[in-house]
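What follows is the content of final24.cif, which has mmCIF, C-alpha atoms:
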data_final
#
loop_
_atom_site.label_atom_id
_atom_site.label_comp_id
_atom_site.auth_asym_id
_atom_site.auth_seq_id
_atom_site.Cartn_x
_atom_site.Cartn_y
_atom_site.Cartn_z
CA PRO A 1 8.45 9.15 -1.30
CA THR A 2 10.36 11.47 -3.58
CA HIS A 3 12.32 9.10 -5.81
CA GLU A 4 12.64 5.54 -7.09
CA GLY A 5 14.04 3.19 -4.47
CA THR A 6 12.22 4.84 -1.55
CA LEU A 7 10.93 2.24 0.92
CA VAL A 8 7.44 2.74 2.38
CA THR A 9 5.80 0.69 5.11
CA ALA A 10 2.03 0.72 5.60
CA ARG A 11 0.26 -0.87 8.54
CA SER A 12 -3.18 -2.31 7.86
CA VAL A 13 -5.71 -3.31 10.48
CA LEU A 14 -8.97 -5.13 9.80
CA GLY A 15 -10.72 -5.94 13.06
CA PRO A 16 -8.42 -8.22 15.08
CA LEU A 17 -6.11 -8.80 12.10
CA SER A 18 -3.17 -6.54 11.32
CA PHE A 19 -0.12 -6.73 9.10
CA THR A 20 2.77 -4.67 7.80
CA ASP A 21 2.88 -3.99 4.07
CA PRO A 22 6.42 -2.98 2.99
CA MET A 23 6.66 -1.44 -0.48
CA GLU A 24 9.33 0.03 -2.74
CA VAL A 25 8.81 2.92 -5.15
CA THR A 26 9.83 1.62 -8.58
CA VAL A 27 8.44 4.47 -10.72
CA TRP A 28 8.41 8.13 -9.67
CA GLN A 29 7.22 10.60 -12.30
CA PRO A 30 6.00 13.95 -10.93
CA PRO A 31 3.29 15.57 -13.04
CA GLY A 32 4.33 17.92 -15.83
CA ASP A 33 2.40 20.57 -17.71
CA ASP A 34 0.83 18.04 -20.07
CA THR A 35 1.59 14.74 -18.35
CA PRO A 36 0.05 13.07 -15.31
CA GLY A 37 2.14 12.14 -12.29
CA LEU A 38 2.74 8.45 -11.61
CA CYS A 39 4.02 6.51 -8.62
CA ARG A 40 4.33 2.71 -8.76
CA LEU A 41 4.86 0.71 -5.59
CA GLU A 42 6.02 -2.91 -5.60
CA LYS A 43 4.75 -4.79 -2.56
CA ARG A 44 7.61 -6.63 -0.83
CA GLY A 45 5.84 -8.22 2.11
CA ARG A 46 6.00 -11.76 3.37
CA PHE A 47 2.24 -12.22 2.94
CA ILE A 48 1.13 -9.47 0.53
CA THR A 49 2.80 -9.19 -2.88
CA GLY A 50 1.97 -7.38 -6.11
CA TRP A 51 1.94 -3.71 -7.04
CA ALA A 52 -0.03 -0.49 -6.77
CA GLU A 53 0.00 2.60 -9.00
CA LEU A 54 -1.17 6.11 -8.16
CA GLU A 55 -1.76 8.41 -11.11
CA VAL A 56 -2.51 12.10 -10.53
CA ARG A 57 -4.17 14.14 -13.28
CA PRO A 58 -5.56 17.66 -13.37
CA GLY A 59 -9.26 17.73 -12.59
CA PRO A 60 -12.05 20.28 -13.00
CA GLY A 61 -11.86 23.54 -11.08
CA GLY A 62 -8.16 23.27 -10.29
CA ARG A 63 -8.66 19.99 -8.44
CA ALA A 64 -6.74 16.78 -8.91
CA ARG A 65 -8.07 13.40 -10.00
CA VAL A 66 -6.29 10.40 -8.49
CA VAL A 67 -6.52 6.98 -10.14
CA TRP A 68 -5.47 3.98 -8.04
CA ARG A 69 -4.68 0.65 -9.71
CA GLU A 70 -3.58 -2.36 -7.76
CA GLU A 71 -2.88 -6.04 -8.20
CA ILE A 72 -2.26 -7.96 -5.02
CA ARG A 73 -1.67 -11.54 -4.06
CA VAL A 74 -1.96 -12.95 -0.58
CA ARG A 75 0.42 -15.83 -0.02
CA PHE A 76 -1.15 -19.03 1.23
CA VAL A 77 -4.58 -17.96 -0.11
CA PRO A 78 -5.74 -20.06 -3.10
CA ARG A 79 -6.12 -18.19 -6.40
CA GLY A 80 -9.77 -19.20 -6.42
CA LEU A 81 -10.30 -16.61 -3.68
CA ASP A 82 -8.77 -13.72 -5.68
CA GLY A 83 -12.22 -12.12 -6.06
CA VAL A 84 -12.77 -12.11 -2.31
CA VAL A 85 -9.28 -10.70 -1.72
CA GLU A 86 -9.98 -7.95 -4.28
CA ARG A 87 -13.31 -6.98 -2.68
CA VAL A 88 -11.84 -6.91 0.82
CA GLY A 89 -8.86 -4.87 -0.37
CA ARG A 90 -11.11 -2.39 -2.15
CA TYR A 91 -13.24 -2.01 0.97
CA VAL A 92 -10.26 -1.54 3.32
CA PHE A 93 -8.43 0.86 1.01
CA GLY A 94 -11.62 2.79 0.23
CA ARG A 95 -12.29 3.33 3.94
CA ALA A 96 -8.72 4.50 4.53
CA VAL A 97 -8.86 6.98 1.64
CA ASN A 98 -12.24 8.31 2.74
CA ARG A 99 -10.90 8.91 6.26
CA LEU A 100 -7.85 10.71 4.85
CA LEU A 101 -10.06 12.92 2.68
CA ARG A 102 -12.32 13.78 5.63
CA GLY A 103 -9.28 14.60 7.76
CA VAL A 104 -10.21 12.03 10.41
#

Will you turn the file into structure tokens for me?
Amino acid sequence: PTHEGTLVTARSVLGPLSFTDPMEVTVWQPPGDDTPGLCRLEKRGRFITGWAELEVRPGPGGRARVVWREEIRVRFVPRGLDGVVERVGRYVFGRAVNRLLRGV
């Protein structure tokens, strides 16, 4: 994405389960000299709703530090299971990011 309004579709697979996760970029702020970059995605799916934010800041040694914040809801799943949904989401997303970083 390069601007607000960009539509992004992610495909998630967890064992035999898979789903499409359509999102829209609602905030697009490239990093400046003294300000971090920020991208906010609003989840527009039939089953997954909520938002995610990616913040990019300068890190040590010319590297970048990425902070990911997310709040998701799964329709038809009782709110009492929000903790389980959060742990599963963190596990799935963490695996995906680790694979991206390893270049797999």

Problem - Residues selected by the PyMOL selection byres ((chain A and resi 54) around 9), written as a ChimeraX atom specification - result: /A:37-41,52-53,55-56,66-70

Given the file above and the PyMOL selection byres ((chain A and resi 16-23) around 7), which residues are selected, and can you give them as a PDB file with C-alpha atoms, in the coordinates of the input?
ATOM      1  CA  LEU A   7      10.930   2.240   0.920  1.00  0.00           C
ATOM      2  CA  VAL A   8       7.440   2.740   2.380  1.00  0.00           C
ATOM      3  CA  THR A   9       5.800   0.690   5.110  1.00  0.00           C
ATOM      4  CA  ALA A  10       2.030   0.720   5.600  1.00  0.00           C
ATOM      5  CA  ARG A  11       0.260  -0.870   8.540  1.00  0.00           C
ATOM      6  CA  SER A  12      -3.180  -2.310   7.860  1.00  0.00           C
ATOM      7  CA  VAL A  13      -5.710  -3.310  10.480  1.00  0.00           C
ATOM      8  CA  LEU A  14      -8.970  -5.130   9.800  1.00  0.00           C
ATOM      9  CA  GLY A  15     -10.720  -5.940  13.060  1.00  0.00           C
ATOM     10  CA  GLU A  24       9.330   0.030  -2.740  1.00  0.00           C
ATOM     11  CA  VAL A  25       8.810   2.920  -5.150  1.00  0.00           C
ATOM     12  CA  LEU A  41       4.860   0.710  -5.590  1.00  0.00           C
ATOM     13  CA  GLU A  42       6.020  -2.910  -5.600  1.00  0.00           C
ATOM     14  CA  LYS A  43       4.750  -4.790  -2.560  1.00  0.00           C
ATOM     15  CA  ARG A  44       7.610  -6.630  -0.830  1.00  0.00           C
ATOM     16  CA  GLY A  45       5.840  -8.220   2.110  1.00  0.00           C
ATOM     17  CA  ILE A  48       1.130  -9.470   0.530  1.00  0.00           C
TER      18      ILE A  48
END

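In this model, the gap between CA of Glu86 (chain A) and CA of Phe47 (chain A) comes to 14.8 Å.
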
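Counting from CA of Pro36 (chain A), the distance to CA of Phe93 (chain A) is 22.1 Å.
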
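Between CA of Tyr91 (chain A) and CA of Arg57 (chain A) lies a distance of 23.4 Å.
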
Exercise for the section: On this file, the PyMOL selection byres ((chain A and resi 73) around 6) gives some set of residues; write that set as a ChimeraX atom specification. Expected result: /A:48-50,72,74

Handout entry: Among the residues A:Pro60, A:His3, A:Gly83, A:Glu71, the one that comes closest to Val27 (chain A) [using only C-alpha atoms]
Key = A:His3

Would you give the centre and edge lengths, in Å to one decimal, of a box along x, y and z around the listed atoms of region 66-82 of chain A, with 3 Å added to each side, as JSON?
{"center_x": -4.9, "center_y": -4.8, "center_z": -4.5, "size_x": 16.7, "size_y": 36.5, "size_z": 17.4}

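Excluding Pro58 (chain A) itself and same-chain residues fewer than 4 positions from it, the residues having an atom within 10 Å of it are A:Pro31, A:Asp33, A:Asp34, A:Thr35, A:Pro36, A:Gly37, A:Gly62, A:Arg63, A:Ala64, A:Arg65, A:Val66, counting only C-alpha atoms.
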